[in-house]
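K.L.:
This one is query07.cif, mmCIF, C-alpha atoms and all ligand atoms.
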data_query
#
loop_
_atom_site.group_PDB
_atom_site.id
_atom_site.type_symbol
_atom_site.label_atom_id
_atom_site.label_comp_id
_atom_site.auth_asym_id
_atom_site.auth_seq_id
_atom_site.Cartn_x
_atom_site.Cartn_y
_atom_site.Cartn_z
ATOM 1 C CA MET A 1 -11.448 -12.715 -21.417
ATOM 2 C CA ALA A 2 -11.395 -13.353 -17.690
ATOM 3 C CA GLN A 3 -9.793 -10.820 -15.444
ATOM 4 C CA SER A 4 -6.353 -11.964 -14.373
ATOM 5 C CA TYR A 5 -6.163 -10.122 -11.058
ATOM 6 C CA THR A 6 -2.700 -8.804 -11.584
ATOM 7 C CA ASP A 7 -3.134 -6.316 -8.745
ATOM 8 C CA ILE A 8 -3.817 -7.105 -5.111
ATOM 9 C CA TRP A 9 -4.945 -4.923 -2.223
ATOM 10 C CA PHE A 10 -2.646 -4.370 0.697
ATOM 11 C CA GLY A 11 -3.047 -1.983 3.625
ATOM 12 C CA TYR A 12 -1.920 1.323 2.120
ATOM 13 C CA TYR A 13 -4.538 4.025 1.559
ATOM 14 C CA ALA A 14 -4.770 7.787 1.050
ATOM 15 C CA ASP A 15 -6.706 10.167 3.273
ATOM 16 C CA GLN A 16 -8.632 13.181 1.944
ATOM 17 C CA TYR A 17 -5.362 15.156 1.842
ATOM 18 C CA ARG A 18 -3.703 12.465 -0.306
ATOM 19 C CA GLU A 19 -1.409 11.416 2.516
ATOM 20 C CA PHE A 20 -0.909 7.643 2.641
ATOM 21 C CA HIS A 21 -1.231 5.526 5.791
ATOM 22 C CA TYR A 22 -1.278 1.850 6.721
ATOM 23 C CA THR A 23 -4.503 0.272 7.976
ATOM 24 C CA ASP A 24 -2.606 -1.219 10.952
ATOM 25 C CA ASN A 25 -1.176 2.236 11.786
ATOM 26 C CA SER A 26 2.399 1.119 11.194
ATOM 27 C CA THR A 27 4.848 3.640 9.774
ATOM 28 C CA ALA A 28 5.637 3.528 6.054
ATOM 29 C CA TYR A 29 9.413 3.307 5.600
ATOM 30 C CA TYR A 30 9.345 1.968 2.067
ATOM 31 C CA THR A 31 7.388 2.610 -1.106
ATOM 32 C CA ASN A 32 7.558 0.987 -4.519
ATOM 33 C CA TRP A 33 5.204 2.988 -6.741
ATOM 34 C CA ASN A 34 4.974 2.266 -10.428
ATOM 35 C CA PRO A 35 6.422 5.171 -12.442
ATOM 36 C CA GLY A 36 3.788 7.930 -12.606
ATOM 37 C CA GLU A 37 1.890 6.572 -9.594
ATOM 38 C CA PRO A 38 0.118 7.410 -7.393
ATOM 39 C CA ASN A 39 -1.793 9.450 -9.963
ATOM 40 C CA ASN A 40 -5.303 9.502 -8.414
ATOM 41 C CA SER A 41 -6.801 8.893 -11.854
ATOM 42 C CA GLY A 42 -10.275 10.374 -12.094
ATOM 43 C CA GLY A 43 -9.999 11.531 -8.483
ATOM 44 C CA TYR A 44 -11.204 8.156 -7.172
ATOM 45 C CA GLU A 45 -7.988 6.330 -6.341
ATOM 46 C CA PHE A 46 -7.510 6.117 -2.593
ATOM 47 C CA CYS A 47 -6.355 2.507 -2.091
ATOM 48 C CA ALA A 48 -3.041 0.950 -3.093
ATOM 49 C CA THR A 49 -2.432 -2.312 -4.923
ATOM 50 C CA VAL A 50 0.763 -4.308 -5.362
ATOM 51 C CA SER A 51 1.346 -6.075 -8.682
ATOM 52 C CA ARG A 52 1.997 -9.811 -8.701
ATOM 53 C CA GLN A 53 3.759 -9.328 -12.018
ATOM 54 C CA HIS A 54 6.452 -6.836 -11.070
ATOM 55 C CA GLY A 55 5.832 -5.920 -7.415
ATOM 56 C CA ARG A 56 5.243 -2.222 -8.002
ATOM 57 C CA TRP A 57 2.350 -0.263 -6.532
ATOM 58 C CA ASN A 58 -0.609 1.659 -7.939
ATOM 59 C CA ASP A 59 -3.375 3.722 -6.372
ATOM 60 C CA ALA A 60 -6.765 2.388 -7.503
ATOM 61 C CA ASN A 61 -10.493 2.719 -6.881
ATOM 62 C CA CYS A 62 -11.192 1.166 -3.458
ATOM 63 C CA ASP A 63 -14.485 -0.294 -4.712
ATOM 64 C CA TRP A 64 -12.886 -2.566 -7.316
ATOM 65 C CA PRO A 65 -13.012 -6.243 -6.246
ATOM 66 C CA GLN A 66 -9.438 -7.542 -6.017
ATOM 67 C CA PRO A 67 -7.626 -10.365 -4.237
ATOM 68 C CA PHE A 68 -5.857 -9.136 -1.119
ATOM 69 C CA VAL A 69 -3.077 -9.845 1.332
ATOM 70 C CA CYS A 70 -3.504 -9.783 5.118
ATOM 71 C CA SER A 71 -0.781 -9.474 7.740
ATOM 72 C CA MET A 72 -0.313 -9.861 11.452
ATOM 73 C CA TRP A 73 2.750 -9.077 13.498
ATOM 74 C CA LYS A 74 4.539 -12.155 14.728
ATOM 75 C CA SER A 75 3.610 -13.011 18.292
ATOM 76 C CA THR A 76 5.989 -14.791 20.654
ATOM 77 C CA SER A 77 2.913 -16.063 22.454
ATOM 78 C CA MET A 78 2.595 -18.524 19.566
ATOM 79 C CA THR A 79 5.869 -20.222 20.563
ATOM 80 C CA GLY A 80 5.529 -23.954 20.842
ATOM 81 C CA THR A 81 2.115 -24.119 19.285
ATOM 82 C CA PRO A 82 2.504 -26.527 16.399
ATOM 83 C CA PRO A 83 2.143 -26.340 13.465
ATOM 84 C CA ASN A 84 3.167 -22.679 13.747
ATOM 85 C CA PRO A 85 6.875 -22.708 14.534
ATOM 86 C CA ASN A 86 7.341 -19.197 13.172
ATOM 87 C CA ASN A 87 5.032 -17.396 15.591
ATOM 88 C CA CYS A 88 2.338 -17.000 12.957
ATOM 89 C CA PRO A 89 -1.291 -18.075 13.076
ATOM 90 C CA ALA A 90 -2.565 -20.948 10.954
ATOM 91 C CA GLY A 91 -2.746 -20.107 7.278
ATOM 92 C CA TYR A 92 -0.153 -17.337 7.560
ATOM 93 C CA THR A 93 3.442 -17.447 6.347
ATOM 94 C CA ALA A 94 6.289 -15.819 8.261
ATOM 95 C CA VAL A 95 8.257 -13.101 6.444
ATOM 96 C CA ASN A 96 10.683 -10.948 8.408
ATOM 97 C CA SER A 97 8.823 -9.771 11.509
ATOM 98 C CA ALA A 98 5.324 -10.272 10.124
ATOM 99 C CA CYS A 99 2.973 -13.006 8.973
ATOM 100 C CA PHE A 100 1.260 -12.802 5.588
ATOM 101 C CA LYS A 101 -1.718 -14.505 3.974
ATOM 102 C CA VAL A 102 -2.772 -14.042 0.357
ATOM 103 C CA VAL A 103 -6.530 -14.366 -0.176
ATOM 104 C CA THR A 104 -7.469 -15.343 -3.715
ATOM 105 C CA SER A 105 -11.156 -14.450 -3.554
ATOM 106 C CA THR A 106 -11.927 -10.836 -4.429
ATOM 107 C CA ALA A 107 -13.332 -8.020 -2.319
ATOM 108 C CA THR A 108 -13.498 -4.247 -2.177
ATOM 109 C CA GLN A 109 -10.680 -2.778 -0.120
ATOM 110 C CA ALA A 110 -13.058 -2.159 2.821
ATOM 111 C CA ASN A 111 -14.408 -5.714 2.775
ATOM 112 C CA ALA A 112 -10.897 -7.076 2.393
ATOM 113 C CA LEU A 113 -9.849 -5.159 5.495
ATOM 114 C CA ALA A 114 -12.812 -6.548 7.427
ATOM 115 C CA ALA A 115 -11.909 -10.077 6.336
ATOM 116 C CA CYS A 116 -8.308 -9.628 7.514
ATOM 117 C CA GLU A 117 -9.425 -8.174 10.848
ATOM 118 C CA ALA A 118 -11.749 -11.144 11.369
ATOM 119 C CA ASP A 119 -8.696 -13.453 11.447
ATOM 120 C CA LYS A 120 -7.837 -11.991 14.849
ATOM 121 C CA ALA A 121 -10.870 -13.669 16.429
ATOM 122 C CA GLY A 122 -9.934 -16.647 18.549
ATOM 123 C CA THR A 123 -6.223 -15.779 18.568
ATOM 124 C CA ASN A 124 -4.160 -13.719 20.965
ATOM 125 C CA PHE A 125 -2.524 -11.708 18.228
ATOM 126 C CA PRO A 126 -2.639 -7.976 18.970
ATOM 127 C CA THR A 127 -3.386 -6.821 15.432
ATOM 128 C CA ALA A 128 -4.781 -8.184 12.196
ATOM 129 C CA SER A 129 -5.149 -6.032 9.118
ATOM 130 C CA LEU A 130 -4.430 -5.686 5.454
ATOM 131 C CA ALA A 131 -0.704 -6.115 4.909
ATOM 132 C CA SER A 132 1.941 -3.523 5.582
ATOM 133 C CA ILE A 133 4.980 -3.788 3.324
ATOM 134 C CA TRP A 134 7.950 -2.627 5.344
ATOM 135 C CA ASP A 135 10.830 -3.158 2.977
ATOM 136 C CA ILE A 136 12.027 -4.539 -0.300
ATOM 137 C CA HIS A 137 12.285 -8.030 1.205
ATOM 138 C CA ASP A 138 8.597 -8.072 2.097
ATOM 139 C CA ASN A 139 7.738 -6.728 -1.312
ATOM 140 C CA TYR A 140 9.832 -9.323 -3.145
ATOM 141 C CA TYR A 141 8.434 -12.138 -1.040
ATOM 142 C CA LEU A 142 4.880 -11.060 -1.775
ATOM 143 C CA LYS A 143 5.579 -10.947 -5.488
ATOM 144 C CA VAL A 144 6.919 -14.500 -5.407
ATOM 145 C CA LEU A 145 4.190 -15.800 -3.106
ATOM 146 C CA LYS A 146 1.437 -14.326 -5.216
ATOM 147 C CA LYS A 147 2.866 -15.840 -8.366
ATOM 148 C CA LYS A 148 2.598 -19.251 -6.746
ATOM 149 C CA LYS A 149 -1.072 -18.729 -5.919
ATOM 150 C CA ASP A 150 -3.907 -19.592 -8.233
ATOM 151 C CA LEU A 151 -5.372 -16.166 -8.908
ATOM 152 C CA LYS A 152 -7.844 -17.254 -11.609
ATOM 153 C CA ASP A 153 -5.543 -16.906 -14.600
ATOM 154 C CA PRO A 154 -1.857 -17.449 -15.264
ATOM 155 C CA LEU A 155 0.223 -14.377 -15.913
HETATM 156 CA CA CA B 1 -3.332 4.993 -10.182
#
Would you mind writing the file's structure down as structure tokens?
P.N.:
Amino acid sequence: MAQSYTDIWFGYYADQYREFHYTDNSTAYYTNWNPGEPNNSGGYEFCATVSRQHGRWNDANCDWPQPFVCSMWKSTSMTGTPPNPNNCPAGYTAVNSACFKVVTSTATQANALAACEADKAGTNFPTASLASIWDIHDNYYLKVLKKKKDLKDPL
């Protein structure tokens, strides 16, 4: 049976002291852990995933290949640059004050981060990283967006 990629990397990760941070250094105001998570199962779970089924989070092994979601902050410097009326770069969708892009190919968390950061090249956006989820609206949007994407198998 093919893997269904229920879980997707975003930019939340634990340091050696088990304190979580965002890869773009933004402050975490909101969390949505699955009950019992983060559990650091086996002592190897330092990267967070968000479920496209129910939107809740899990800490997982950073080396597992998973789809991922990138984000950039909106930039007013993108004003008037069609076809990006929402101050987001091409391929990104505006949600609240950020721009998100779901990537359906799989990568380790580190390679996913590198892929997101590469999207900054050729733009004047100040940051590009794995996604930060600031609030329940972001989280709900991502759940809906991911369900629309072809992630190998239907749920
Ligand atoms: Ca876990």
K.L.:
Compile the contact shell of Ala115 in chain A as a PyMOL selection string: residues with an atom at most 12 Å away, counting only C-alpha atoms, same-chain residues fewer than 2 positions apart removed.
P.N.:
chain A and resi 67-71+101-103+105-113+117-121+128-131
K.L.:
Can you tell me how far CA of Trp73 in chain A sits from CA of Tyr29 in chain A, in Å to one decimal?
P.N.:
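Distance reported for this atom pair: 16.1 Å.
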K.L.:
How would you write, as a list in words, the residues chosen by the PyMOL selection byres (((chain A and resi 53) around 7) and not hetatm) on this structure?
P.N.:
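Written out, the selection comes to Thr6, Ser51, Arg52, His54, Gly55 and Lys143 of chain A.
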K.L.:
Kindly work out which residues sit at most 6 Å from ligand CA 1 (chain B), using all atoms listed in the file, and give the list as a list in words.
P.N.:
Glu37, Pro38, Asn39, Asn40, Ser41, Asn58, Asp59 and Ala60 of chain A
K.L.:
Please determine, counting all atoms listed in the file, which residue among A:Ala14, A:His21, A:Ile136, A:Tyr44 has the shortest atom-to-atom distance to Arg56 in chain A.
P.N.:
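When distances to Arg56 in chain A are compared using all atoms listed in the file, the smallest one comes from A:Ile136.
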K.L.:
Kindly indicate which residue among A:Ala90, A:Ala98, A:Cys47, A:Ile133 lies nearest to Tyr30 in chain A, using only C-alpha atoms for the distances.
P.N.:
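Smallest distance to Tyr30 in chain A is found for A:Ile133.
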K.L.:
Could you tell me which residues the PyMOL selection byres (((chain A and resi 126) around 10) and not hetatm) returns for this structure, as a list of chain:residue names?
P.N.:
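Applied to this file, the PyMOL selection byres (((chain A and resi 126) around 10) and not hetatm) selects A:Met72, A:Trp73, A:Lys74, A:Ser75, A:Lys120, A:Thr123, A:Asn124, A:Phe125, A:Thr127, A:Ala128.
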K.L.:
State, in Å with one decimal place, the distance from CA of Pro89 in chain A to CA of Asn32 in chain A.
P.N.:
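Atom-to-atom, CA of Pro89 in chain A to CA of Asn32 in chain A, that is 27.4 Å.
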K.L.:
Report the distance between CA of Asn96 in chain A and CA of Asp138 in chain A in Å, rounded to one decimal place.
P.N.:
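According to the coordinates, CA of Asn96 in chain A and CA of Asp138 in chain A are separated by 7.2 Å.
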K.L.:
I'd like to know which of A:Ala48, A:Gly36, A:Phe10, A:Ala94 is closest to Asp24 in chain A, using only C-alpha atoms.
P.N.:
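Selected residue with least distance to Asp24 in chain A: A:Phe10.
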K.L.:
Could you check the closest approach to Asn139 in chain A for each of A:Thr31, A:Gln66, A:Ser97, A:Thr104 and tell me which residue wins, using only C-alpha atoms?
P.N.:
A:Thr31
K.L.:
Take the point (-0.3, 1.4, 3.6) in the file's coordinates, draw a sphere of radius 6 Å around it, and report as a list in words every protein, DNA or RNA residue with an atom inside or on it, counting only C-alpha atoms.
P.N.:
Gly11, Tyr12, Tyr13, His21, Tyr22 and Ser132 of chain A
K.L.:
Output as a PDB file, in the frame of the given file: range 22-44 of chain A, completed with N, CA and C atoms.
P.N.:
ATOM      1  N   TYR A  22      -0.984   3.283   6.663  1.00  0.00           N
ATOM      2  CA  TYR A  22      -1.278   1.850   6.721  1.00  0.00           C
ATOM      3  C   TYR A  22      -2.485   1.585   7.607  1.00  0.00           C
ATOM      4  N   THR A  23      -3.288   0.600   7.219  1.00  0.00           N
ATOM      5  CA  THR A  23      -4.503   0.272   7.976  1.00  0.00           C
ATOM      6  C   THR A  23      -4.179  -0.241   9.379  1.00  0.00           C
ATOM      7  N   ASP A  24      -2.955  -0.765   9.596  1.00  0.00           N
ATOM      8  CA  ASP A  24      -2.606  -1.219  10.952  1.00  0.00           C
ATOM      9  C   ASP A  24      -1.842  -0.144  11.723  1.00  0.00           C
ATOM     10  N   ASN A  25      -1.811   1.071  11.160  1.00  0.00           N
ATOM     11  CA  ASN A  25      -1.176   2.236  11.786  1.00  0.00           C
ATOM     12  C   ASN A  25       0.340   2.144  11.858  1.00  0.00           C
ATOM     13  N   SER A  26       0.943   1.170  11.189  1.00  0.00           N
ATOM     14  CA  SER A  26       2.399   1.119  11.194  1.00  0.00           C
ATOM     15  C   SER A  26       2.951   2.211  10.282  1.00  0.00           C
ATOM     16  N   THR A  27       4.205   2.568  10.529  1.00  0.00           N
ATOM     17  CA  THR A  27       4.848   3.640   9.774  1.00  0.00           C
ATOM     18  C   THR A  27       5.344   3.124   8.428  1.00  0.00           C
ATOM     19  N   ALA A  28       5.158   3.908   7.382  1.00  0.00           N
ATOM     20  CA  ALA A  28       5.637   3.528   6.054  1.00  0.00           C
ATOM     21  C   ALA A  28       7.089   3.976   5.892  1.00  0.00           C
ATOM     22  N   TYR A  29       7.995   3.001   5.798  1.00  0.00           N
ATOM     23  CA  TYR A  29       9.413   3.307   5.600  1.00  0.00           C
ATOM     24  C   TYR A  29       9.840   3.078   4.161  1.00  0.00           C
ATOM     25  N   TYR A  30       8.960   2.464   3.398  1.00  0.00           N
ATOM     26  CA  TYR A  30       9.345   1.968   2.067  1.00  0.00           C
ATOM     27  C   TYR A  30       8.165   2.148   1.134  1.00  0.00           C
ATOM     28  N   THR A  31       8.436   2.595  -0.083  1.00  0.00           N
ATOM     29  CA  THR A  31       7.388   2.610  -1.106  1.00  0.00           C
ATOM     30  C   THR A  31       7.972   2.066  -2.402  1.00  0.00           C
ATOM     31  N   ASN A  32       7.100   1.570  -3.253  1.00  0.00           N
ATOM     32  CA  ASN A  32       7.558   0.987  -4.519  1.00  0.00           C
ATOM     33  C   ASN A  32       6.546   1.302  -5.621  1.00  0.00           C
ATOM     34  N   TRP A  33       6.198   2.577  -5.751  1.00  0.00           N
ATOM     35  CA  TRP A  33       5.204   2.988  -6.741  1.00  0.00           C
ATOM     36  C   TRP A  33       5.666   2.711  -8.159  1.00  0.00           C
ATOM     37  N   ASN A  34       4.725   2.329  -8.993  1.00  0.00           N
ATOM     38  CA  ASN A  34       4.974   2.266 -10.428  1.00  0.00           C
ATOM     39  C   ASN A  34       5.312   3.678 -10.902  1.00  0.00           C
ATOM     40  N   PRO A  35       6.144   3.829 -11.928  1.00  0.00           N
ATOM     41  CA  PRO A  35       6.422   5.171 -12.442  1.00  0.00           C
ATOM     42  C   PRO A  35       5.121   5.906 -12.785  1.00  0.00           C
ATOM     43  N   GLY A  36       4.993   7.151 -12.344  1.00  0.00           N
ATOM     44  CA  GLY A  36       3.788   7.930 -12.606  1.00  0.00           C
ATOM     45  C   GLY A  36       2.687   7.743 -11.586  1.00  0.00           C
ATOM     46  N   GLU A  37       2.864   6.817 -10.666  1.00  0.00           N
ATOM     47  CA  GLU A  37       1.890   6.572  -9.594  1.00  0.00           C
ATOM     48  C   GLU A  37       2.438   7.087  -8.259  1.00  0.00           C
ATOM     49  N   PRO A  38       1.584   7.433  -7.315  1.00  0.00           N
ATOM     50  CA  PRO A  38       0.118   7.410  -7.393  1.00  0.00           C
ATOM     51  C   PRO A  38      -0.414   8.621  -8.153  1.00  0.00           C
ATOM     52  N   ASN A  39      -1.318   8.358  -9.109  1.00  0.00           N
ATOM     53  CA  ASN A  39      -1.793   9.450  -9.963  1.00  0.00           C
ATOM     54  C   ASN A  39      -3.235   9.867  -9.663  1.00  0.00           C
ATOM     55  N   ASN A  40      -3.920   9.154  -8.766  1.00  0.00           N
ATOM     56  CA  ASN A  40      -5.303   9.502  -8.414  1.00  0.00           C
ATOM     57  C   ASN A  40      -6.149   9.730  -9.660  1.00  0.00           C
ATOM     58  N   SER A  41      -6.090   8.779 -10.577  1.00  0.00           N
ATOM     59  CA  SER A  41      -6.801   8.893 -11.854  1.00  0.00           C
ATOM     60  C   SER A  41      -8.300   9.071 -11.636  1.00  0.00           C
ATOM     61  N   GLY A  42      -8.854  10.106 -12.228  1.00  0.00           N
ATOM     62  CA  GLY A  42     -10.275  10.374 -12.094  1.00  0.00           C
ATOM     63  C   GLY A  42     -10.677  10.915 -10.730  1.00  0.00           C
ATOM     64  N   GLY A  43      -9.709  11.040  -9.825  1.00  0.00           N
ATOM     65  CA  GLY A  43      -9.999  11.531  -8.483  1.00  0.00           C
ATOM     66  C   GLY A  43     -10.626  10.496  -7.574  1.00  0.00           C
ATOM     67  N   TYR A  44     -10.548   9.216  -7.953  1.00  0.00           N
ATOM     68  CA  TYR A  44     -11.204   8.156  -7.172  1.00  0.00           C
ATOM     69  C   TYR A  44     -10.236   7.097  -6.680  1.00  0.00           C
TER      70      TYR A  44
END
